[in-house]
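Chemist: Quick one: the structure is below, and I'll ask about it shortly.
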Amino acid sequence: MSGREVFQQELDTKHDKHERLFKISRDVTIESKRTIFLLHRVTSVPDVEDILKESDVKLDGVRQKIGLIAEELRGEDIFQFHRAFTPGIQEYVEAVSFQHYIRHRTLISLEEINARLVFMKTEKADTKGSAEGPPLAAQVLTFQVTPSDYLLGVADLTGELMRMCISSVGNGDIDTPFQLSQFLRQIHDGFSYIGNTGPYEVSKKLHTLRQSLGKVEDACYTLRVRGSEIPKHMLADVFASRAALIDPDEGVA
C-alpha cells in the first residue's frame with residue numbers, strides 16, 4: 001500500500017469516527033432535552049420525588065450513550081473530535097445540573113459530573129488455543145467533561161431556571177422566584193469574574209444569562225411590589241407581559 005493510500009485510509013477512518021461521534025452526540029442532546037422537559041413538570045405535580053426518580057432513569061440512559069463516546073475516544077486525542085460531541089455534552093451538563101438544583105438547590109460541580117462518567121466495559125480476552133470460551137476482561141473507561149463544556153452547559157441552565165420561575169409563579173408559588181433570583185445572581189457574578197479570560201463562547205452566552213437574570217429579578221420586583229394586589233392566577237400573565245418587553249433584544253451578541 002502506497003503512502004498516499006495509507007494517508008487516505010487514515011483520513012477516512014478519522015472521518016468515520018467523527019460521524020459516529022456526531023450521531024451519538026445528537027442522541028445525547030435529544031435525550032437530555034427530554035429529561036429537561038420532564039423536570040419542568042416539578043412545578044405542577046404534588047410529588048416531586050416521582051419526577052426526580054424518572055429523570056434518574058433517563059439520565060442513566062444518557063450516561064450510557066456518553067459511555068459510547070468514551071469508547072470511541074479510547075486512545076485518541078479528544079480535541080481532534082471535540083466539535084463532534086460538544087453539543088451533546090453541553091446539553092447533558094444542562095440537564096444534570098437542572099436536576100441537581102431541583103433536588104439540592106445548589107450548583108453541581110464539574111468533579112461531581114465527571115465522577116458519574118466512569119464505565120465498565122467487558123471484552124473477550126485473547127486466549128488462543130483454549131478449549132473453553134474466552135473469559136471476559138473488565139476494563140474501566142472514563143469520560144472527562146471539559147471546563148468549557150461545563151461552563152457552557154451551566155450558562156444554558158440559567159434559561160431553564162428562568163422558565164421554571166415563570167411556571168412557579170403560574171402555580172401560585174411566590175417563594176421559588178426569590179430563591180432562583182439569588183442563585184442566578186451568584187452564577188452571573190461567577191461568569192463576570194471569568195470575563196474575557198474564558199472561552200469565546202462563554203462571553204457570548206453572558207448576554208443571554210443577563211437576560212434570564214433580568215427577567216427573574218423583574219418577576220421578583222412585581223411579586224414584591226404588586227403581589228398582594230394581584231390574584232395568584234394572574235401573576236403569571238403579568239410576569240409574562242413584562243418579560244416580553246425584554247424579548248426583542250434576544251439574540252443580540
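We name chains A, B, ... following the order of the C-alpha cells; residues begin at 1 in each chain, and ligands are numbered from 1 as shown.
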Can you tell me, as a ChimeraX atom specification, which residues in stretch 8-185 of chain A count as helix (DSSP H, G or I) by DSSP?

Modeler: /A:8-43,48-72,78-80,82-104,110-115,147-170,176-185

Chemist: Name the residues in contact with A:Arg34 at a cut-off of 10 Å, using only C-alpha atoms, excluding same-chain residues fewer than 5 positions from it; report them as a count of residues only.

Modeler: 7

Chemist: Taking the DSSP assignment computed from this structure's backbone, write out as a list in words all residues of stretch 76-172 of chain A that belong to strand (DSSP E).

Modeler: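 Result set for stretch 76-172 of chain A (strand (DSSP E)): Val118, Phe119, Met120, Lys121, Thr122, Glu123, Lys124, Leu136, Ala137, Ala138, Gln139, Val140, Leu141 and Thr142 of chain A.
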
Chemist: Suppose we keep C-alpha atoms; can you now write the selection as a JSON list (two decimals), in the first residue's frame?

Modeler:
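Okay, result_36.json is ready:
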```json
[["chain", "number", "residue", "atom", "x", "y", "z"],
["A", 118, "VAL", "CA", -16.98, 6.08, 34.74],
["A", 119, "PHE", "CA", -17.89, 2.99, 32.71],
["A", 120, "MET", "CA", -17.07, -0.71, 32.99],
["A", 121, "LYS", "CA", -16.62, -2.38, 29.62],
["A", 122, "THR", "CA", -16.25, -6.16, 29.30],
["A", 123, "GLU", "CA", -14.24, -7.58, 26.43],
["A", 124, "LYS", "CA", -13.29, -11.11, 25.47],
["A", 136, "LEU", "CA", -14.42, -11.66, 29.86],
["A", 137, "ALA", "CA", -11.93, -8.98, 30.83],
["A", 138, "ALA", "CA", -13.28, -5.86, 32.56],
["A", 139, "GLN", "CA", -11.90, -2.51, 31.50],
["A", 140, "VAL", "CA", -12.60, 0.88, 33.07],
["A", 141, "LEU", "CA", -13.38, 3.76, 30.72],
["A", 142, "THR", "CA", -13.75, 7.35, 31.86]]
```

Chemist: Within 12 Å of stretch 65-80 of chain A, counting only C-alpha atoms, which residues qualify if same-chain residues fewer than 2 places away don't, as a PDB file with C-alpha atoms, in the first residue's frame?

Modeler:
```pdb
ATOM      1  CA  THR A  13     -11.074   6.334   9.481  1.00  0.00           C
ATOM      2  CA  LYS A  14     -10.983   9.702  11.236  1.00  0.00           C
ATOM      3  CA  HIS A  15     -13.971  10.955   9.232  1.00  0.00           C
ATOM      4  CA  ASP A  16     -15.995   7.819  10.044  1.00  0.00           C
ATOM      5  CA  LYS A  17     -15.222   8.196  13.756  1.00  0.00           C
ATOM      6  CA  HIS A  18     -16.221  11.869  13.602  1.00  0.00           C
ATOM      7  CA  GLU A  19     -19.576  10.899  12.043  1.00  0.00           C
ATOM      8  CA  ARG A  20     -20.222   8.228  14.662  1.00  0.00           C
ATOM      9  CA  LEU A  21     -19.443  10.675  17.474  1.00  0.00           C
ATOM     10  CA  PHE A  22     -21.730  13.281  15.913  1.00  0.00           C
ATOM     11  CA  LYS A  23     -24.634  10.799  15.792  1.00  0.00           C
ATOM     12  CA  ILE A  24     -24.100   9.708  19.401  1.00  0.00           C
ATOM     13  CA  SER A  25     -23.900  13.359  20.463  1.00  0.00           C
ATOM     14  CA  ARG A  26     -27.199  14.036  18.698  1.00  0.00           C
ATOM     15  CA  ASP A  27     -28.826  11.190  20.653  1.00  0.00           C
ATOM     16  CA  VAL A  28     -27.367  12.584  23.894  1.00  0.00           C
ATOM     17  CA  THR A  29     -28.814  16.008  23.046  1.00  0.00           C
ATOM     18  CA  ILE A  30     -32.291  14.617  22.321  1.00  0.00           C
ATOM     19  CA  GLU A  31     -32.479  12.521  25.482  1.00  0.00           C
ATOM     20  CA  SER A  32     -31.080  15.355  27.628  1.00  0.00           C
ATOM     21  CA  LYS A  58     -33.403   8.964  31.786  1.00  0.00           C
ATOM     22  CA  LEU A  59     -30.025  10.397  32.782  1.00  0.00           C
ATOM     23  CA  ASP A  60     -28.645   6.893  33.336  1.00  0.00           C
ATOM     24  CA  GLY A  61     -29.593   6.183  29.720  1.00  0.00           C
ATOM     25  CA  VAL A  62     -27.831   9.361  28.595  1.00  0.00           C
ATOM     26  CA  ARG A  63     -24.705   8.350  30.509  1.00  0.00           C
ATOM     27  CA  HIS A  82     -14.293  17.727  20.320  1.00  0.00           C
ATOM     28  CA  ARG A  83     -16.526  19.643  17.904  1.00  0.00           C
ATOM     29  CA  ALA A  84     -18.367  16.429  17.050  1.00  0.00           C
ATOM     30  CA  PHE A  85     -19.662  15.723  20.554  1.00  0.00           C
ATOM     31  CA  THR A  86     -19.549  19.039  22.444  1.00  0.00           C
ATOM     32  CA  GLY A  88     -24.460  16.758  23.372  1.00  0.00           C
ATOM     33  CA  ILE A  89     -22.166  17.094  26.379  1.00  0.00           C
ATOM     34  CA  GLN A  90     -23.273  20.684  26.974  1.00  0.00           C
ATOM     35  CA  GLU A  91     -26.915  19.588  26.868  1.00  0.00           C
ATOM     36  CA  TYR A  92     -26.169  16.761  29.315  1.00  0.00           C
ATOM     37  CA  VAL A  93     -24.487  19.217  31.711  1.00  0.00           C
ATOM     38  CA  ASN A 114     -17.216  13.554  35.942  1.00  0.00           C
ATOM     39  CA  ARG A 116     -20.639   9.701  37.299  1.00  0.00           C
ATOM     40  CA  LEU A 117     -18.967   9.212  33.915  1.00  0.00           C
ATOM     41  CA  VAL A 118     -16.975   6.081  34.739  1.00  0.00           C
ATOM     42  CA  PHE A 119     -17.888   2.991  32.711  1.00  0.00           C
ATOM     43  CA  MET A 120     -17.069  -0.710  32.989  1.00  0.00           C
ATOM     44  CA  LYS A 121     -16.617  -2.377  29.618  1.00  0.00           C
ATOM     45  CA  THR A 122     -16.252  -6.155  29.305  1.00  0.00           C
ATOM     46  CA  GLU A 123     -14.242  -7.583  26.433  1.00  0.00           C
ATOM     47  CA  GLN A 139     -11.897  -2.509  31.501  1.00  0.00           C
ATOM     48  CA  VAL A 140     -12.596   0.881  33.066  1.00  0.00           C
ATOM     49  CA  LEU A 141     -13.380   3.763  30.716  1.00  0.00           C
ATOM     50  CA  THR A 142     -13.752   7.354  31.855  1.00  0.00           C
ATOM     51  CA  PHE A 143     -15.063  10.461  30.161  1.00  0.00           C
ATOM     52  CA  GLN A 144     -13.984  13.879  31.345  1.00  0.00           C
ATOM     53  CA  VAL A 145     -16.243  16.854  30.643  1.00  0.00           C
ATOM     54  CA  THR A 146     -14.004  19.797  29.756  1.00  0.00           C
TER      55      THR A 146
END
```

Chemist: I'd like the contact shell of stretch 206-214 of chain A - 7 Å cut-off, only C-alpha atoms, skipping same-chain residues fewer than 3 positions apart - returned as a PyMOL selection string.

Modeler: chain A and resi 155+158-159+162+181+184-185+188+202-203+217-218+253

Chemist: Hey, what's within 9 Å of A:Cys220 if we count only C-alpha atoms and toss same-chain stuff fewer than 6 positions away? As an mmCIF file with all heavy atoms, in the first residue's frame, please?

Modeler:
```cif
data_model
loop_
_atom_site.group_PDB
_atom_site.id
_atom_site.type_symbol
_atom_site.label_atom_id
_atom_site.label_comp_id
_atom_site.auth_asym_id
_atom_site.auth_seq_id
_atom_site.Cartn_x
_atom_site.Cartn_y
_atom_site.Cartn_z
ATOM 1 N N ILE A 174 -44.776 31.703 45.216
ATOM 2 C CA ILE A 174 -44.100 33.005 45.212
ATOM 3 C C ILE A 174 -42.760 32.960 45.944
ATOM 4 O O ILE A 174 -42.087 33.995 46.072
ATOM 5 C CB ILE A 174 -44.997 34.089 45.837
ATOM 6 C CG1 ILE A 174 -45.347 33.733 47.283
ATOM 7 C CG2 ILE A 174 -46.256 34.293 45.001
ATOM 8 C CD1 ILE A 174 -46.130 34.814 48.010
ATOM 9 N N PRO A 177 -39.314 32.017 42.921
ATOM 10 C CA PRO A 177 -38.656 33.082 42.156
ATOM 11 C C PRO A 177 -37.571 33.810 42.929
ATOM 12 O O PRO A 177 -36.528 34.162 42.358
ATOM 13 C CB PRO A 177 -39.818 34.028 41.814
ATOM 14 C CG PRO A 177 -41.011 33.146 41.764
ATOM 15 C CD PRO A 177 -40.790 32.132 42.857
ATOM 16 N N PHE A 178 -37.779 34.014 44.231
ATOM 17 C CA PHE A 178 -36.762 34.711 45.027
ATOM 18 C C PHE A 178 -35.531 33.829 45.249
ATOM 19 O O PHE A 178 -34.393 34.323 45.264
ATOM 20 C CB PHE A 178 -37.368 35.155 46.359
ATOM 21 C CG PHE A 178 -38.395 36.239 46.227
ATOM 22 C CD1 PHE A 178 -39.743 35.929 46.185
ATOM 23 C CD2 PHE A 178 -38.014 37.567 46.106
ATOM 24 C CE1 PHE A 178 -40.699 36.921 46.045
ATOM 25 C CE2 PHE A 178 -38.948 38.569 45.957
ATOM 26 C CZ PHE A 178 -40.308 38.244 45.919
ATOM 27 N N SER A 181 -33.711 33.872 41.917
ATOM 28 C CA SER A 181 -33.050 35.159 41.686
ATOM 29 C C SER A 181 -31.685 35.208 42.370
ATOM 30 O O SER A 181 -30.686 35.625 41.766
ATOM 31 C CB SER A 181 -33.938 36.290 42.208
ATOM 32 O OG SER A 181 -33.277 37.537 42.087
#
```

Chemist: Rounded to one decimal place, report the atom CA of A:Thr176-atom CA of A:Arg41 distance in Å.

Modeler: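 Calculated distance between atom CA of A:Thr176 and atom CA of A:Arg41 is 14.3 Å.
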
Chemist: Using only C-alpha atoms, which of A:Ile166, A:Val6, A:Leu151, A:Leu52 sits nearest A:Tyr200?

Modeler: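 Comparing A:Ile166, A:Val6, A:Leu151, A:Leu52 against A:Tyr200, the winner is A:Leu151.
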
Chemist: Counting only C-alpha atoms, which of A:Lys204, A:Asp156, A:Ile113, A:Glu54 gets nearest to A:His100?

Modeler: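 The closest residue to A:His100 is A:Ile113.
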
Chemist: Could you tell me how far atom CA of A:Glu201 sits from atom CA of A:Thr35, in Å to one decimal place?

Modeler: 24.2 Å

Chemist: Determine the nearest neighbour of A:Tyr150 from the options A:Ser97, A:Phe7, A:Ala219, A:Ile36, counting only C-alpha atoms.

Modeler: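 Nearest candidate to A:Tyr150 out of A:Ser97, A:Phe7, A:Ala219, A:Ile36: A:Ser97.
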